[in-house]
Structures are given as C-alpha cells and as structure tokens.
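Engineer: This is the structure I have questions about; it appears just below.
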Amino acid sequence: MRFAHPGPEGSSIAQVYRLLAGTAPTELPYIASCDVLDPFNESDSTANGVDGLRRTLFALSAPGTTGLTSYLRTPPGTTVSLVPLGGVDSQNQPVANAAGVVFERSDPTGKDRGAAYLTFSGDWGMEVDGAAGTEQELLCGVYGLERIRFRAYTPEAGATFDRFRLVPGQPAFAERFPYTDVSLERPTDSAPPLTDQLRTSYATVVSGDSRPVEYRAQPESDPLYASTATGASTGVLDFLNVGLPLPSSPGFAMPLTPSAGVRAREGDPQFPPEELGPFESQILSVVRKAAVRPAALETLRAAARTAAAPDARTTLTTATTPQGFLVSLDGARYETVTMARTEQPDFSFRTPDAELISLLQTNQLFAVVASPAHVGTLGSGGAAAFQNTVGISGWTMTADIGRASTASDYRNVLILKFCDGSLRDRVANPDMWSDPEDFSLLPGQTDRTTALTGLSQWLTGFIDQAQREAKSGNRLYTEFARVAADPAWKGLLVLRADVDPTGLPDQLRGLAAGIDFEQFYAHHFGVTVTPVTAPGGSVGISGPSSTFGLIDYQLPQFRASVANGASPDLPLPLPVDGPYGFAVLQLQALFRNSVLTDFRSRVQLTANELFGSRVLAVYGATGREPANAVVLKGTYQNQGGAPAYVIESSAPTVFTLDGNVLPAVGFDRIQFNTLTPKAGTSAEIRSRLQVWGSLAFAELADPKGESFDLFSFGPVPKDSTPGPSADGLSFSGLHIDLTSPSATPNAVTYAFDATGLAFNLSSSKPRGEGLFSTFALQLDGFHVGSDDRRPRDLGYLPVALDAPVDQLKGPWYGISYKVTMGTPGALVAQAGFTSRLMVAWSPQTKSGDPTYAAFAGLQLPGAAPGAKLLSLEGVLKLSIGRLQLLRQPVAGGTNQRAFVLKLANIGLSVLGLAKLPPGVAINFFLFGDPAGTGALGWYAAYVKKG
C-alpha cells in the first residue's frame with residue numbers, strides 16, 4: 001500500500017506500507033488477466049470495484065492452501081497471516097474478488113505516467129496461529145483503540161470465517177497535508193483528505209454469513225472502562241468495547257494500514273518520521289471515520305427515530321473564527337457557534353438567527369447581550385437556541401440571559417469583547433457597543449437612551465466595585481480587575497450568572513438546604529480562548545477552553561458582621577423555626593485556567609434542642625456565643641486529581657441544656673457530608689452533620705443532698721474552671737440529618753439521630769466516686785427509646801434508687817454496662833453470670849427540679865426478659881424479691897461512701913413448688929472496691945424469720 005502528499009517544488013513524498021512480510025514462498029502460482037488498454041483498471045467498468053472484477057489482475061490460482069505472513073496485527077501484537085481465496089473458475093478466469101495483485105501508478109505528479117507499483121486485491125482469509133475460527137480483533141492502523149472484530153480463518157469444510165477484502169483503485173494522495181491552521185478568513189474547503197492523484201488498495205472485512213462485522217473505535221486518550229464478569233473479582237475495570245456495524249455495501253473499503261510494515265524494507269519511499277503519526281491521525285483515521293459514519297449514523301438514528309425523521313443534512317462545513325469560536329456552517333449560514341468547551345455541553349448558539357450571525361461577524365466586536373430576543377432558549381425546536389451552561393471543576397453556571405433582570409438591576413449579562421480598549425472603558429459608553437438596540441434592551445424597553453444609560457451605569461458600578469475589592473487586598477477579585485482594565489484582553493464574560501441547586505459539585509450539593517438562591521449567583525465567569533486544530537481537515541476543539549470565574553456568596557448578616565471586625569467563625573443570631581437550623585454564611589469559589597484555585601465556605605448549624613432538652617446557651621473558646629449555633633469551615637483539596645471538599649468544625653463548643661440529668665453536651669468536632677448521589681439522580685437532597693463530642697452528666701444527689709452519682713461522667717462540681725465544662729463521656733456516631741426536595745431545597749426536614757452513638761472511654765472523664773469508677777462496669781452500648789419501648793421491654797428489671805427519681809416519660813436515652821458478678825457455682829457456670837446494668841434518663845425534668853427523670857435497671861443472666869427468676873439446670877429456680885442500688889458509708893471512718901447493689905429476699909424453689917429454705921430471708925449485696933481497683937465483691941446475709 002502506498003500513500004503520498006505534496007513535497008517541495010511540485011514533487012511528492014510517498015510512504016509504503018508493506019502488507020506481506022519477507023517470509024512469503026518463493027513461488028506462488030497465479031493466472032494473469034491483462035487488458036493492455038487498461039493495465040491500471042481505470043475504466044468506468046472496473047474503477048469502483050463494486051463487482052469485484054478487474055480487467056488486469058494477477059490472481060493467485062491455489063486458494064486456501066498457503067498462509068502468507070503479513071504485517072497485520074491483533075491488539076496483543078499477534079501476527080495475522082493472509083490466506084488467498086477465490087482463485088479462478090472453470091475457464092481459468094479470476095472469480096469476483098479473487099485474491100491477487102494489480103498495477104497502480106506510482107507518480108502522483110503525473111510526470112511519469114508509466115511508473116507503476118504492485119498492490120493487492122481481492123479476498124483473503126485471516127489466519128491467527130492457534131486460533132482458527134475464534135473471535136479476534138484487527139488493528140486498523142497505528143492506534144490500538146480502532147479495531148475490527150473478525151472470525152479467524154479455518155480450513156475446515158463448511159466452517160464460517162470472515163474475509164479480509166482489498167479493493168484497489170482508492171484515493172491515496174493527501175494534497176493538503178501537512179495541514180496549516182484555518183480561520184474564518186481561510187476556512188477548510190469541502191475537498192476530501194485524499195484524492196486519486198495516487199491510488200492504492202483500501203480494505204474491509206466481509207462477513208462469512210449474515211452476521212454484521214463490528215467496527216470499534218474510541219478516542220485513543222479517552223477509552224471507556226467498565227466492570228465485567230472477568231474484572232469483578234479483582235476490582236479491576238476492563239476495557240469496554242463499543243462498536244457499530246461495519247458497512248457491507250458492495251465496493252465499500254477504507255484505508256486499513258499494516259503499520260508494522262512501515263519501515264519493513266530499506267529503500268522503500270518513506271515519510272519523515274515525525275509525519276507518520278499525524279498522517280495516521282489526521283488523514284487515514286479521518287477517512288476511515290468518514291467511510292463508516294453514514295452507516296453508523298443510520299444505525300444510531302434508527303434507534304431514536306420515533307416522532308421525527310432524522311435531519312437530512314449530513315454534511316456541514318466546520319470552521320474557526322479569529323476569536324477561537326468553532327462554527328459549523330451550512331453553506332453561508334451558521335448552524336452552531338461553539339464558544340467554549342467545558343464539563344457541561346458545549347457553551348454554544350444553535351441555529352442562530354440573522355441578527356446574531358451578523359453580530360458575530362463584526363470585526364471590532366463589543367456586545368452587551370442583556371436581551372434574549374435573538375439568543376433563544378433550549379428546547380425551541382428549529383428556532384434559535386442557546387446552550388448556556390459551563391462547568392468548571394464540578395461547578396455549573398448558567399447564562400440565562402434576560403432572567404431576573406430589571407431596568408435597575410441586571411443578571412445574566414453576556415459580554416463579547418473582541419476589540420481594542422478595556423472592558424471598563426467600553427461599558428462606560430453604549431456608543432461603543434455593537435448592535436445595542438437588538439441585544440442590550442430588555443423586552444418592553446422603548447426609551448433607548450434611558451435604558452442603555454441605566455445598563456451602562458449598572459455595568460460601571462459593578463466593575464468599579466470589583467476593582468475596589470481588588471485594591472483592598474481581596475485576591476478573589478484580582479483576576480477580574482485585571483481583565484476589566486486590560487485593553488489586550490479578548491474573550492467572553494458573563495456577569496451575575498445563575499447557579500441553581502444542581503450547579504453545586506456533588507460533594508457540596510447538600511449545602512443547597514442553607515442557601516438563599518435569590519442571592520446566590522456567580523459574580524462572573526469568562527472564556528479567554530478555545531484551542532482549535534484541524535486534523536485531517538476536520539476542524540474541532542482539541543481541549544477544554546481556558547475559563548475563569550468567581551462565585552462570591554455571602555449572607556448579608558455575615559458580610560456585615562465581618563465588615564465590622566467580627567471573626568468569620570462567630571455564630572450569628574439567625575431566625576430559626578424549630579429545634580434546628582442550617583444556613584450557608586459564605587460560599588466563595590475562584591476559578592482560573594479552568595481549575596478551582598480558591599475555596600472558602602462557612603456554614604452554621606443552629607441547635608435549639610439536644611437529646612430532647614432545650615438549649616440554654618452555647619459557649620466557645622472566647623465565652624458565650626451570640627447564638628445557639630456553631631460554625632463549620634470549608635476547605636478544598638485536590639487529591640490525585642480528585643476534588644475533596646471538607647466542611648467541619650474542630651473548635652470545642654459547649655451547649656448548656658435545660659435538664660438536671662444531662663445539663664451540657666460538648667461538640668468537639670462536626671463534619672458535614674452530602675449523602676445524595678450526583679444531581680439529577682434523586683428527587684430529594686439528603687445530607688448529614690456528624691458529631692463527635694461528650695455527654696456532661698450532672699452528679700445526682702440523694703434526699704439528704706449527698707452525692708448519688710449514677711451517671712458518673714461529667715465535670716467535677718468543685719472545679720473552679722470558669723464557664724461550663726463538657727468533660728464527660730466521649731462519643732461519636734451522633735448525627736443530624738437534613739432532607740429536602742431537590743426542587744425546593746430550603747424546605748428542610750431535620751432528624752436528630754443518636755441511635756448509632758458509640759463511646760470512647762480513653763478520652764472520657766469519669767468522676768472518681770461515680771458508679772462507673774467504683775463498680776467494675778464496662779461500657780456496652782447506647783439506647784434510644786420511647787413510650788412504647790421502655791427499658792423493661794429490653795429485659796431490664798427496675799432497680800430502686802436512693803435518689804428522688806420520676807418515671808421516664810416520652811423519649812428516653814440509656815447507657816448500658818456489663819456487670820461481671822462472678823460464677824456462683826457449677827450450676828450456673830454455663831450461663832456465664834454476666835449481667836447488664838442500664839442507667840437511663842428522659843428530658844422531662846428541667847434544671848432546678850427537685851427530682852430526676854432517671855432509671856436504673858438490671859438484666860439478669862439466665863432469666864427470661866423482665867423476669868426475677870434464674871433457671872438452674874431446669875429444676876431449681878433462683879428468685880429475687882427486690883433490686884436496690886444504695887450508696888452506703890465505707891467502714892473505717894473515712895467518710896467515704898460506696899455504691900452497693902442489693903438483691904433482696906433471694907430463694908430457691910424446686911420444680912416451682914417450695915421455697916428453700918423456708919422461713920428465711922436471704923439478701924445478696926454486690927459492691928465495688930472503694931479503692932477504685934475495679935474489683936467486685938459480694939456478701940450474703942441470712943436472716944431467719946421469727
């Protein structure tokens with residue numbers, strides 16, 4: 001195979017791609033069919049190759065007998081051998097598509113009409129060593145992701161295999177290669193990449209039966225991968241083949257080059273090494289794509305053809321403007337004007353009207369587009385449409401021109417600047433604007449002078465304010481201020497662009513619950529340049545546009561507070577209707593060169609209730625806060641190319657509560673996470689505030705005022721540390737969930753969830769004489785209950801307390817401990833005499849109340865839930881009359897008191913008939929070591945009645 005392109009001074013430069021390797025047999029039998037008047041098969045009857053017959057052909061006459069080693073390869077690099085097929089008929093005439101060789105002219109300049117070379121023709125079997133009849137893939141050229149699936153040749157009678165068909169007489173001269181950049185003044189023409197000044201053989205793969213042959217192509221740098229049955233077990237994603245049927249019409253062929261044969265033989269004509277890659281990507285692959293495209297389009301359209309016939313226009317000319325816009329033209333009319341390529345669909349005008357086309361063809365263009373009249377909206381059928389979103393680093397901004405604009409306050413203003421002079425100078429005078437009557441007047445504005453003057457003043461003020469911010473040291477506005485003042489800057493700019501809830505990155509989507517979207521917008525986004533190239537003569541955007549932008553959302557109260565010198569982390573007294581509130585105080589994102597370069601965010605959680613108790617006050621590092629709230633700070637990191645947003649607070653905060661059992665809760669760390677998948681996949685937005693902190697329990701007192709520290713964890717009352725303390729039982733797993741409809745994200749439903757609470761004893765602070773410290777307890781779990789699910793329902797027997805307590809009502813919370821009571825003998829050894837003790841409270845008793853809504857319960861081993869009977873080998877039963885938790889003096893006159901668990905009136909019954917011993921009361925006492933060693937002791941008292 002041979003291709004060429006123009007060389008210097010009217011010459012040509014050729015490249016030979018050898019099909020067969022040098023290991024072919026020295027002799028191959030053939031039968032020649034020669035037409036001396038048409039040695040190159042150039043007559044009308046043979047040139048198109050539809051019937052597979054050649055007037056001049058050297059047909060190999062022993063088909064299916066010899067496999068010739070070729071330079072064709074499979075993706076793993078396996079050699080494909082070619083087996084000639086067809087041969088001759090009974091009259092020794094080559095059959096249609098008989099394998100053979102033909103003459104082609106070798107001088108594309110036409111100076112030597114007799115110069116010739118041999119190339120291949122006809123059908124060949126594709127033989128892969130050791131893989132006869134199996135599914136294989138054939139590389140189409142240099143790049144590994146353009147392939148054709150085929151069934152390998154097998155000599156077995158009746159077997160099905162696909163054929164490699166070579167069709168000579170195809171264009172092989174790239175008269176415009178190497179390509180130069182094109183522009184609107186010098187657009188690409190409609191000439192094909194290859195012309196027939198030089199001809200060679202193209203190829204295709206023909207099915208051996210009715211099953212279509214599949215053509216597979218993907219961008220070389222952007223292939224698809226997916227989880228398959230093969231890769232599922234390893235967690236590795238496999239390459240995903242995406243294919244379409246290869247055309248099977250008679251005469252179809254495309255340039256399939258055996259790239260392993262590029263430098264096969266010394267002395268062959270060759271391109272310079274640096275041209276081989278571009279020639280493949282810009283010429284050969286483009287011609288292949290063009291060859292398969294019509295059939296591919298029909299296949300795709302057939303799937304979508306339901307209500308409307310496909311567009312009949314299949315050939316559009318694509319060109320680039322001097323400004324870097326990409327323009328698709330149908331004749332002289334713009335079909336599509338693509339102004340930017342970002343993460344969203346191309347930012348573009350589609351089917352623009354005459355006014356917009358005229359505007360875009362202005363030499364010194366400065367347009368202020370505030371009116372949607374000649375821009376259009378999406379979904380407008382064949383009328384003008386504006387694909388108006390851009391995506392930068394996961395953020396989506398929309399130029400919804402005309403929306404929410406008034407004569408004194410504008411939004412979504414598009415500025416196109418491709419002219420001399422600075423942006424600031426241009427906006428100052430509407431006489432310097434292009435076509436302002438068509439593009440700058442809002443619908444209904446009839447007073448041109450007043451309207452344009454008002455818009456000019458708004459723009460001037462908008463820019464001046466940004467420049468003042470930059471001069472004051474606010475680096476978020478540095479780039480915008482530079483652009484506004486730079487006469488050399490050219491590009492497009494959108495001011496006050498919309499950002500709706502779906503415009504947030506997936507990780508931040510939950511923030512929509514706390515954003516006032518009437519005030520939330522992008523201060524600006526802009527495009528400076530879009531890279532455009534023309535590989536193979538097909539103009540296209542070769543990479544993302546250079547974009548920049550700023551979102552500067554600050555709640556007015558936050559902006560005023562910071563302007564007055566307050567810390568940005570100071571909670572604000574915002575109106576909250578209900579126990580909880582969530583507000584985004586600040587959300588700022590700066591983009592440069594299409595990446596996020598600066599991110600600042602603060603969100604506020606207001607909590608007026610915790611664990612069912614009203615929050616009285618909140619204390620931070622500097623004292624009491626002005627609101628029952630805590631502020632979380634947002635940060636951004638790019639971890640290996642993956643964006644990571646973290647919104648959290650690690651400043652210790654104490655919430656004091658209106659409760660006499662749990663008077664304070666400390667928040668040591670809070671983290672905000674969005675739970676909802678990416679935008680558009682759910683009708684609601686769910687997010688979560690995860691809390692790490694501590695429960696600071698009060699030290700309960702008995703009726704005499706003596707300590708009865710049932711809950712054990714919390715600050716020491718005699719501690720002189722100023723302000724409330726959150727020393728206590730450290731926890732994690734507390735969260736407050738936020739749920740709202742995607743369409744109305746501010747309609748938030750809050751859920752306080754403590755069911756997953758877990759404890760960290762190493763960072764907890766138990767009081768020295770509390771129940772936990774002296775009673776050999778082990779933390780076991782946390783419980784949340786209600787009126788219809790009481791501790792007794794969990795198998796806990798109530799334990800009488802030497803403290804004034806009320807019955808639990810409404811929601812309640814409990815902490816369970818393991819109590820190891822030892823093994824009272826072989827009869828219960830298998831039961832494992834480990835009990836559980838629960839201490840619980842409900843928020844019904846308030847600060848200062850004389851009684852406590854508190855509960856203690858014991859879960860006995862070997863007993864049915866809630867029962868006071870322990871079964872001993874099914875014959876004996878141990879019964880307990882009453883459980884009581886006492887706090888009694890320690891012998892020795894030390895004024896020390898200790899907790900004692902009393903199990904009163906214990907007895908044995910045999911088969912449930914008699915209590916043993918009769919007439920006797922036995923009390924069992926369980927107590928911890930007063931020295932705090934964690935050991936547990938017990939004694940029993942035997943009292944004979946009468």
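Just remember, in the structure tokens the first chain shown is A, the second B, etc., residues are 1-based per chain, and ligands are 1-based in the order shown.
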Need to verify the contact set: range 484-494 of chain A, 6 Å, only C-alpha atoms, exclusion of same-chain residues closer than 4 positions in sequence. Can you return it as a VMD selection string?
Structural biologist: chain A and resid 413 to 418 420 to 424 524 to 528
Engineer: If you run DSSP on the backbone here, which positions in range 343-416 of chain A get strand (DSSP E or B)? Please write them as an NGL selection string.
Structural biologist: :A and (347-350 or 365-369 or 385-387 or 389-392 or 395-398 or 413-416)
Engineer: Could you take the residues named above and write them with N, CA and C atoms, as a tab-separated table (two decimals), in the first residue's frame?
Structural biologist:
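Done, and the output landed in part35.tsv:
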```
chain	number	residue	atom	x	y	z
A	347	PHE	N	-20.81	25.27	25.36
A	347	PHE	CA	-21.44	26.59	25.51
A	347	PHE	C	-21.58	27.17	24.10
A	348	SER	N	-22.81	27.20	23.58
A	348	SER	CA	-22.93	27.45	22.15
A	348	SER	C	-24.29	28.04	21.78
A	349	PHE	N	-24.28	28.76	20.65
A	349	PHE	CA	-25.50	29.17	19.97
A	349	PHE	C	-25.83	28.12	18.92
A	350	ARG	N	-27.10	27.75	18.84
A	350	ARG	CA	-27.52	26.76	17.86
A	350	ARG	C	-28.62	27.37	16.99
A	365	LEU	N	-15.71	43.67	17.72
A	365	LEU	CA	-16.93	43.25	18.39
A	365	LEU	C	-16.87	43.55	19.88
A	366	PHE	N	-17.84	44.34	20.32
A	366	PHE	CA	-18.07	44.51	21.76
A	366	PHE	C	-19.58	44.51	21.96
A	367	ALA	N	-20.10	43.41	22.41
A	367	ALA	CA	-21.55	43.26	22.55
A	367	ALA	C	-21.90	43.10	24.01
A	368	VAL	N	-22.93	43.82	24.43
A	368	VAL	CA	-23.53	43.66	25.76
A	368	VAL	C	-24.89	43.01	25.53
A	369	VAL	N	-24.97	41.71	25.80
A	369	VAL	CA	-26.19	40.97	25.49
A	369	VAL	C	-26.98	40.80	26.79
A	385	ALA	N	-31.45	28.71	19.52
A	385	ALA	CA	-31.32	28.10	20.84
A	385	ALA	C	-29.96	28.46	21.41
A	386	PHE	N	-29.92	28.59	22.74
A	386	PHE	CA	-28.69	28.95	23.43
A	386	PHE	C	-28.40	27.86	24.45
A	387	GLN	N	-27.35	27.11	24.21
A	387	GLN	CA	-26.88	26.12	25.17
A	387	GLN	C	-25.97	26.85	26.14
A	389	THR	N	-24.82	26.69	29.56
A	389	THR	CA	-24.17	26.31	30.81
A	389	THR	C	-22.69	26.03	30.58
A	390	VAL	N	-21.91	26.31	31.60
A	390	VAL	CA	-20.50	25.93	31.63
A	390	VAL	C	-20.24	25.19	32.93
A	391	GLY	N	-19.30	24.29	32.89
A	391	GLY	CA	-18.90	23.56	34.09
A	391	GLY	C	-17.42	23.70	34.32
A	392	ILE	N	-17.06	24.11	35.53
A	392	ILE	CA	-15.65	24.27	35.90
A	392	ILE	C	-15.43	23.55	37.23
A	395	TRP	N	-18.49	22.63	39.17
A	395	TRP	CA	-19.47	23.68	39.41
A	395	TRP	C	-20.12	24.05	38.07
A	396	THR	N	-21.42	24.26	38.07
A	396	THR	CA	-22.16	24.57	36.84
A	396	THR	C	-22.78	25.95	36.97
A	397	MET	N	-22.51	26.79	35.97
A	397	MET	CA	-23.05	28.15	35.92
A	397	MET	C	-23.82	28.33	34.63
A	398	THR	N	-24.87	29.12	34.71
A	398	THR	CA	-25.80	29.26	33.59
A	398	THR	C	-25.98	30.72	33.23
A	413	VAL	N	-25.83	38.80	32.21
A	413	VAL	CA	-25.44	39.68	31.11
A	413	VAL	C	-24.20	39.09	30.44
A	414	LEU	N	-24.33	38.82	29.14
A	414	LEU	CA	-23.21	38.27	28.35
A	414	LEU	C	-22.50	39.40	27.64
A	415	ILE	N	-21.18	39.43	27.80
A	415	ILE	CA	-20.35	40.43	27.10
A	415	ILE	C	-19.39	39.69	26.18
A	416	LEU	N	-19.39	40.07	24.92
A	416	LEU	CA	-18.44	39.55	23.94
A	416	LEU	C	-17.49	40.67	23.59
```
Engineer: I'd like the neighbourhood of Ala159 in chain A as a list in words, where a residue qualifies if any of its atoms comes within 12 Å (using only C-alpha atoms), though same-chain residues fewer than 3 positions away should be ignored.
Structural biologist: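 After dropping sequence-adjacent residues, the list is Ala132, Gly133, Thr134, Arg151, Ala152, Tyr153, Thr154, Pro155, Glu156, Asp162, Gly208 and Asp209 of chain A.
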Engineer: As number ranges by chain, please: all residues of range 417-531 of chain A that backbone DSSP puts in helix (DSSP H, G or I).
Structural biologist: A: 423-427, 430-432, 436-439, 448-471, 475-485, 501-503, 506-514
Engineer: Would you kindly return, as a list of chain:residue names, each protein, DNA or RNA residue with an atom no farther than 10 Å from any atom of Asp506 in chain A, considering only C-alpha atoms and excluding same-chain residues fewer than 3 positions away?
Structural biologist: A:Gly394, A:Trp395, A:Thr502, A:Gly503, A:Arg509, A:Gly510, A:Tyr645, A:Thr674, A:Leu675, A:Thr676, A:Pro677, A:Lys678, A:Ala679
Engineer: Need to verify the contact set: Leu761 in chain A, 10 Å, only C-alpha atoms, exclusion of same-chain residues closer than 2 positions in sequence. Can you return it as a PyMOL selection string?
Structural biologist: chain A and resi 728-731+758-759+763-766+778-779
Engineer: Could you tell me how far CA of Glu706 in chain A sits from CA of Ala617 in chain A, in Å to one decimal place?
Structural biologist: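 Pair CA of Ala617 in chain A / CA of Glu706 in chain A returns 28.2 Å.
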